[in-house]
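Encoded as structure tokens, the structure appears first; notes follow it.
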Amino acid sequence: MVDRAHKPSAISASSTGPQPQVDISADDSKVTARLPTGDSVEVLLYGATVISWKSNSGQENLWLSQKAVLDGSKAVRGGIPIVFPVFGPPPQNHATSSLPQHGFARSTRWEYLGKSTSESGALSRGGDDSVKLDFGLSQSQLSPESRKAWPYDFSLVYSVTLGKDGLQTMLNVRNEGKESFEFQMLLHTYFAVKNISNVSTSGLAGTSYIDKVLDATEHSSSSPTLSITGETDRVYKSLKQDTTSILQDDKPRLDVVRDNLTDTVVWNPWKEKAKAMGDFAPDEGYMNMVCVEVGSVDGWQKLEGGETFEGGQLVKSHI
Ligand code: TA6
């Protein structure tokens, strides 16, 4: 339970004009928010996983496997799984060594902390006609196994803000204990694309990347764009530009803007790996998705007792 000191203060809704609509499902498993413009977002309490984000055109911007498990028994294949406190398979001889791949945040039930709305201009200009949903996770909500595997006193507040010109997802990490801990975080976003053959990503030049398809060897990234023509699994480190764009047929489709995060992962499992994942469907679904994942995964963030870290993304859709 995230104590009230960390619960967000709700901004009272304005009395003028139609209001954003927030609903909690009857089985208390999902929160849905909808703007008067038609934009909508759906968040499972399991993993605080965003599983749908639609633009006011009705266009779904996120990819969700047709075999994604949504009953809370397994991390969701699709949407925006939260990776914390470790990215990838945990290193040996490390505080995270006993955790599962990508940590526990995406496979633990979070608490819905509440909503706040405001109408003070576009999201990208600091205000917004928007609605913010807050979710909390702290040590007391972890399974005994996770608590044993990573025995630190922490609290997370994840804010999902649906605005007219984008979706913002921010993770606030606080060390509630006296002992310092280090962590990695990443938003493992699965974006929906029409056809991967005509998709490229830009904003990845001028840095180096770890290519996990080539035995995690390091390479320099000189090309301004990356086309996805096979299995792709790259960790771009300390990017200079804060925006990675996804282009469909050479036209801007989505812009992913990092906020206080330095790294971006680009992943597509392609044919064989997609087929090998039991919860990845349809098999050819790799043609309609690409993961652009913002995070702090090259090295570790360290928090002393009482310190906090916040990072996230603002994603803008062009359709
Ligand atoms: O972010 C890319 C990645 O680390 C890939 O290496 C692949 O493992 C992917 O995450 C999915 O991981 P998952 O544990 O969700 O199957």
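In the structure tokens, chains take letters A, B, ... by order of appearance, with residues numbered from 1 within each chain and ligands from 1 in the order shown.
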Inset, instruction - Find the residues near A:Leu186: any atom within 8 Å, counting only C-alpha atoms, skip ones fewer than 5 places away on the same chain, and give them as an MDAnalysis selection string. - result: chainID A and resid 82:84 87 293:297
Residues of chain A that approach ligand 1 to 10 Å or less, counting only C-alpha atoms and all ligand atoms: could you list each one with the shortest pair of atoms and its distance in Å to one decimal, rows by chain and increasing residue number, as JSON lines?
```
{"residue": "A:Lys74", "atom": "CA", "partner": "ligand 1", "partner_atom_place_in_ligand_line": "15 (O)", "distance": 9.9}
{"residue": "A:Ala75", "atom": "CA", "partner": "ligand 1", "partner_atom_place_in_ligand_line": "15 (O)", "distance": 7.2}
{"residue": "A:Val76", "atom": "CA", "partner": "ligand 1", "partner_atom_place_in_ligand_line": "15 (O)", "distance": 7.9}
{"residue": "A:Arg77", "atom": "CA", "partner": "ligand 1", "partner_atom_place_in_ligand_line": "15 (O)", "distance": 6.5}
{"residue": "A:Gly78", "atom": "CA", "partner": "ligand 1", "partner_atom_place_in_ligand_line": "15 (O)", "distance": 8.6}
{"residue": "A:Pro81", "atom": "CA", "partner": "ligand 1", "partner_atom_place_in_ligand_line": "15 (O)", "distance": 8.2}
{"residue": "A:Val83", "atom": "CA", "partner": "ligand 1", "partner_atom_place_in_ligand_line": "1 (O)", "distance": 9.2}
{"residue": "A:Phe87", "atom": "CA", "partner": "ligand 1", "partner_atom_place_in_ligand_line": "4 (O)", "distance": 7.0}
{"residue": "A:Gly88", "atom": "CA", "partner": "ligand 1", "partner_atom_place_in_ligand_line": "4 (O)", "distance": 5.0}
{"residue": "A:Pro89", "atom": "CA", "partner": "ligand 1", "partner_atom_place_in_ligand_line": "4 (O)", "distance": 8.0}
{"residue": "A:Pro100", "atom": "CA", "partner": "ligand 1", "partner_atom_place_in_ligand_line": "14 (O)", "distance": 8.4}
{"residue": "A:Gln101", "atom": "CA", "partner": "ligand 1", "partner_atom_place_in_ligand_line": "14 (O)", "distance": 5.6}
{"residue": "A:His102", "atom": "CA", "partner": "ligand 1", "partner_atom_place_in_ligand_line": "14 (O)", "distance": 6.2}
{"residue": "A:Gly103", "atom": "CA", "partner": "ligand 1", "partner_atom_place_in_ligand_line": "14 (O)", "distance": 9.2}
{"residue": "A:Arg106", "atom": "CA", "partner": "ligand 1", "partner_atom_place_in_ligand_line": "15 (O)", "distance": 9.4}
{"residue": "A:Leu186", "atom": "CA", "partner": "ligand 1", "partner_atom_place_in_ligand_line": "1 (O)", "distance": 8.6}
{"residue": "A:Leu187", "atom": "CA", "partner": "ligand 1", "partner_atom_place_in_ligand_line": "1 (O)", "distance": 9.0}
{"residue": "A:His188", "atom": "CA", "partner": "ligand 1", "partner_atom_place_in_ligand_line": "1 (O)", "distance": 6.3}
{"residue": "A:Thr189", "atom": "CA", "partner": "ligand 1", "partner_atom_place_in_ligand_line": "1 (O)", "distance": 8.9}
{"residue": "A:Tyr190", "atom": "CA", "partner": "ligand 1", "partner_atom_place_in_ligand_line": "1 (O)", "distance": 9.8}
{"residue": "A:Asp211", "atom": "CA", "partner": "ligand 1", "partner_atom_place_in_ligand_line": "6 (O)", "distance": 9.9}
{"residue": "A:Lys212", "atom": "CA", "partner": "ligand 1", "partner_atom_place_in_ligand_line": "6 (O)", "distance": 7.0}
{"residue": "A:Val213", "atom": "CA", "partner": "ligand 1", "partner_atom_place_in_ligand_line": "6 (O)", "distance": 8.7}
{"residue": "A:Thr232", "atom": "CA", "partner": "ligand 1", "partner_atom_place_in_ligand_line": "2 (C)", "distance": 8.9}
{"residue": "A:Asp233", "atom": "CA", "partner": "ligand 1", "partner_atom_place_in_ligand_line": "2 (C)", "distance": 6.0}
{"residue": "A:Arg234", "atom": "CA", "partner": "ligand 1", "partner_atom_place_in_ligand_line": "2 (C)", "distance": 7.8}
{"residue": "A:Val235", "atom": "CA", "partner": "ligand 1", "partner_atom_place_in_ligand_line": "1 (O)", "distance": 8.2}
{"residue": "A:Thr264", "atom": "CA", "partner": "ligand 1", "partner_atom_place_in_ligand_line": "1 (O)", "distance": 9.3}
{"residue": "A:Val265", "atom": "CA", "partner": "ligand 1", "partner_atom_place_in_ligand_line": "1 (O)", "distance": 6.1}
{"residue": "A:Val266", "atom": "CA", "partner": "ligand 1", "partner_atom_place_in_ligand_line": "2 (C)", "distance": 7.1}
{"residue": "A:Trp267", "atom": "CA", "partner": "ligand 1", "partner_atom_place_in_ligand_line": "2 (C)", "distance": 5.3}
{"residue": "A:Asn268", "atom": "CA", "partner": "ligand 1", "partner_atom_place_in_ligand_line": "2 (C)", "distance": 7.9}
{"residue": "A:Pro269", "atom": "CA", "partner": "ligand 1", "partner_atom_place_in_ligand_line": "7 (C)", "distance": 7.4}
{"residue": "A:Lys273", "atom": "CA", "partner": "ligand 1", "partner_atom_place_in_ligand_line": "7 (C)", "distance": 9.2}
{"residue": "A:Ala274", "atom": "CA", "partner": "ligand 1", "partner_atom_place_in_ligand_line": "16 (O)", "distance": 9.9}
{"residue": "A:Met277", "atom": "CA", "partner": "ligand 1", "partner_atom_place_in_ligand_line": "16 (O)", "distance": 7.6}
{"residue": "A:Gly278", "atom": "CA", "partner": "ligand 1", "partner_atom_place_in_ligand_line": "16 (O)", "distance": 9.9}
{"residue": "A:Asp279", "atom": "CA", "partner": "ligand 1", "partner_atom_place_in_ligand_line": "16 (O)", "distance": 9.2}
{"residue": "A:Phe280", "atom": "CA", "partner": "ligand 1", "partner_atom_place_in_ligand_line": "16 (O)", "distance": 9.4}
{"residue": "A:Cys291", "atom": "CA", "partner": "ligand 1", "partner_atom_place_in_ligand_line": "1 (O)", "distance": 7.4}
{"residue": "A:Val292", "atom": "CA", "partner": "ligand 1", "partner_atom_place_in_ligand_line": "1 (O)", "distance": 8.4}
{"residue": "A:Glu293", "atom": "CA", "partner": "ligand 1", "partner_atom_place_in_ligand_line": "1 (O)", "distance": 6.9}
{"residue": "A:Val294", "atom": "CA", "partner": "ligand 1", "partner_atom_place_in_ligand_line": "1 (O)", "distance": 9.6}
```
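Reported to one decimal place, the separation of atom CA of A:Asn61 from atom CA of A:Asp249 is 16.2 Å.
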Legend entry - Selection near A:Asn56, 7 Å with only C-alpha atoms, sequence-local residues under 3 positions removed, as a ChimeraX atom specification: /A:37-39
Inset, instruction - Determine which residues of stretch 53-255 of chain A receive a DSSP assignment of alpha helix (DSSP H), computed from the backbone, and state them as a VMD selection string. - result: chain A and resid 144 to 149
Using the selection just defined, write its residues with all heavy atoms as a tab-separated table (two decimals), in the first residue's frame.
```tsv
chain	number	residue	atom	x	y	z
A	144	PRO	N	5.86	-12.92	-1.52
A	144	PRO	CA	6.98	-13.24	-0.62
A	144	PRO	C	8.26	-13.57	-1.39
A	144	PRO	O	9.35	-13.19	-0.99
A	144	PRO	CB	6.44	-14.44	0.16
A	144	PRO	CG	4.95	-14.34	0.07
A	144	PRO	CD	4.64	-13.69	-1.24
A	145	GLU	N	8.08	-14.24	-2.54
A	145	GLU	CA	9.26	-14.61	-3.34
A	145	GLU	C	9.98	-13.36	-3.85
A	145	GLU	O	11.21	-13.25	-3.74
A	145	GLU	CB	8.84	-15.47	-4.56
A	145	GLU	CG	8.20	-16.80	-4.24
A	145	GLU	CD	6.73	-16.62	-3.80
A	145	GLU	OE1	6.11	-15.59	-4.15
A	145	GLU	OE2	6.25	-17.50	-3.05
A	146	SER	N	9.21	-12.41	-4.38
A	146	SER	CA	9.85	-11.19	-4.90
A	146	SER	C	10.50	-10.40	-3.77
A	146	SER	O	11.60	-9.86	-3.92
A	146	SER	CB	8.81	-10.30	-5.62
A	146	SER	OG	8.29	-10.96	-6.75
A	147	ARG	N	9.79	-10.34	-2.63
A	147	ARG	CA	10.32	-9.58	-1.49
A	147	ARG	C	11.63	-10.20	-1.01
A	147	ARG	O	12.60	-9.51	-0.71
A	147	ARG	CB	9.30	-9.57	-0.34
A	147	ARG	CG	8.83	-8.16	0.00
A	147	ARG	CD	8.19	-8.02	1.34
A	147	ARG	NE	7.39	-9.09	1.81
A	147	ARG	CZ	6.06	-9.19	1.68
A	147	ARG	NH1	5.42	-8.25	1.01
A	147	ARG	NH2	5.40	-10.19	2.17
A	148	LYS	N	11.68	-11.49	-1.05
A	148	LYS	CA	12.91	-12.22	-0.61
A	148	LYS	C	14.02	-12.00	-1.65
A	148	LYS	O	15.18	-11.78	-1.30
A	148	LYS	CB	12.59	-13.71	-0.47
A	148	LYS	CG	13.73	-14.58	0.04
A	148	LYS	CD	13.19	-15.95	0.50
A	148	LYS	CE	14.32	-16.83	1.08
A	148	LYS	NZ	15.20	-17.38	-0.01
A	149	ALA	N	13.60	-11.99	-2.92
A	149	ALA	CA	14.61	-11.88	-3.99
A	149	ALA	C	15.21	-10.48	-4.07
A	149	ALA	O	16.34	-10.30	-4.51
A	149	ALA	CB	13.97	-12.25	-5.33
```
Inset, instruction - For A:Asn260, list every protein, DNA or RNA residue within 10 Å, evaluated using only C-alpha atoms, and leave out those in the same chain fewer than 6 positions away; present the list as a list in words. - result: Met170, Asp242, Val294, Gly295, Ser296, Phe309, Glu310, Gly311, Gly312 and Gln313 of chain A
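Distances from A:Phe181, A:Tyr112, A:Trp270, A:Tyr46 to A:Gly305 were compared using only C-alpha atoms, and the smallest one belongs to A:Phe181.
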Inset, instruction - From a DSSP calculation on the backbone, collect every residue of stretch 190-279 of chain A in strand (DSSP E or B) and output the set as a ChimeraX atom specification. - result: /A:190-192,199-202,207-211,217-221,225-227,232-237,243-248,251-259,263-268
Inset, instruction - For A:Ser52, list every protein, DNA or RNA residue within 9 Å, evaluated using only C-alpha atoms, and leave out those in the same chain fewer than 6 positions away; present the list as number ranges by chain. - result: A: 40-43, 60-64, 79-80
Resulting file, chosen residues, N, CA, C and O atoms, as a PDB file, in the first residue's frame:
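Output contents, as saved in selection-v3.pdb:
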```pdb
ATOM      1  N   SER A  40      -8.631   7.537 -25.889  1.00  0.00           N
ATOM      2  CA  SER A  40      -8.906   6.649 -24.735  1.00  0.00           C
ATOM      3  C   SER A  40      -7.661   5.853 -24.371  1.00  0.00           C
ATOM      4  O   SER A  40      -6.752   5.661 -25.184  1.00  0.00           O
ATOM      5  N   VAL A  41      -7.652   5.408 -23.122  1.00  0.00           N
ATOM      6  CA  VAL A  41      -6.560   4.556 -22.633  1.00  0.00           C
ATOM      7  C   VAL A  41      -7.153   3.534 -21.678  1.00  0.00           C
ATOM      8  O   VAL A  41      -8.137   3.820 -20.975  1.00  0.00           O
ATOM      9  N   GLU A  42      -6.599   2.300 -21.719  1.00  0.00           N
ATOM     10  CA  GLU A  42      -7.026   1.238 -20.812  1.00  0.00           C
ATOM     11  C   GLU A  42      -5.797   0.718 -20.073  1.00  0.00           C
ATOM     12  O   GLU A  42      -4.753   0.458 -20.702  1.00  0.00           O
ATOM     13  N   VAL A  43      -5.911   0.611 -18.747  1.00  0.00           N
ATOM     14  CA  VAL A  43      -4.772   0.181 -17.931  1.00  0.00           C
ATOM     15  C   VAL A  43      -5.198  -0.986 -17.043  1.00  0.00           C
ATOM     16  O   VAL A  43      -6.143  -0.857 -16.251  1.00  0.00           O
ATOM     17  N   GLU A  60      -5.967   2.553 -32.923  1.00  0.00           N
ATOM     18  CA  GLU A  60      -5.232   1.914 -31.820  1.00  0.00           C
ATOM     19  C   GLU A  60      -3.742   2.079 -32.081  1.00  0.00           C
ATOM     20  O   GLU A  60      -3.251   1.731 -33.160  1.00  0.00           O
ATOM     21  N   ASN A  61      -3.028   2.610 -31.101  1.00  0.00           N
ATOM     22  CA  ASN A  61      -1.598   2.881 -31.313  1.00  0.00           C
ATOM     23  C   ASN A  61      -0.698   1.792 -30.750  1.00  0.00           C
ATOM     24  O   ASN A  61       0.500   1.764 -31.049  1.00  0.00           O
ATOM     25  N   LEU A  62      -1.263   0.934 -29.896  1.00  0.00           N
ATOM     26  CA  LEU A  62      -0.440  -0.109 -29.258  1.00  0.00           C
ATOM     27  C   LEU A  62      -0.802  -1.480 -29.827  1.00  0.00           C
ATOM     28  O   LEU A  62      -1.950  -1.728 -30.206  1.00  0.00           O
ATOM     29  N   TRP A  63       0.212  -2.358 -29.868  1.00  0.00           N
ATOM     30  CA  TRP A  63      -0.030  -3.723 -30.320  1.00  0.00           C
ATOM     31  C   TRP A  63      -0.226  -4.622 -29.113  1.00  0.00           C
ATOM     32  O   TRP A  63       0.506  -4.546 -28.124  1.00  0.00           O
ATOM     33  N   LEU A  64      -1.242  -5.481 -29.170  1.00  0.00           N
ATOM     34  CA  LEU A  64      -1.521  -6.424 -28.089  1.00  0.00           C
ATOM     35  C   LEU A  64      -1.704  -7.796 -28.718  1.00  0.00           C
ATOM     36  O   LEU A  64      -2.530  -7.957 -29.623  1.00  0.00           O
ATOM     37  N   GLY A  79       1.105  -3.905 -25.351  1.00  0.00           N
ATOM     38  CA  GLY A  79       0.825  -2.688 -24.577  1.00  0.00           C
ATOM     39  C   GLY A  79       2.123  -2.085 -24.063  1.00  0.00           C
ATOM     40  O   GLY A  79       3.126  -2.022 -24.791  1.00  0.00           O
ATOM     41  N   ILE A  80       2.112  -1.643 -22.790  1.00  0.00           N
ATOM     42  CA  ILE A  80       3.313  -1.021 -22.214  1.00  0.00           C
ATOM     43  C   ILE A  80       3.670  -1.712 -20.896  1.00  0.00           C
ATOM     44  O   ILE A  80       3.384  -1.197 -19.803  1.00  0.00           O
TER      45      ILE A  80
END
```
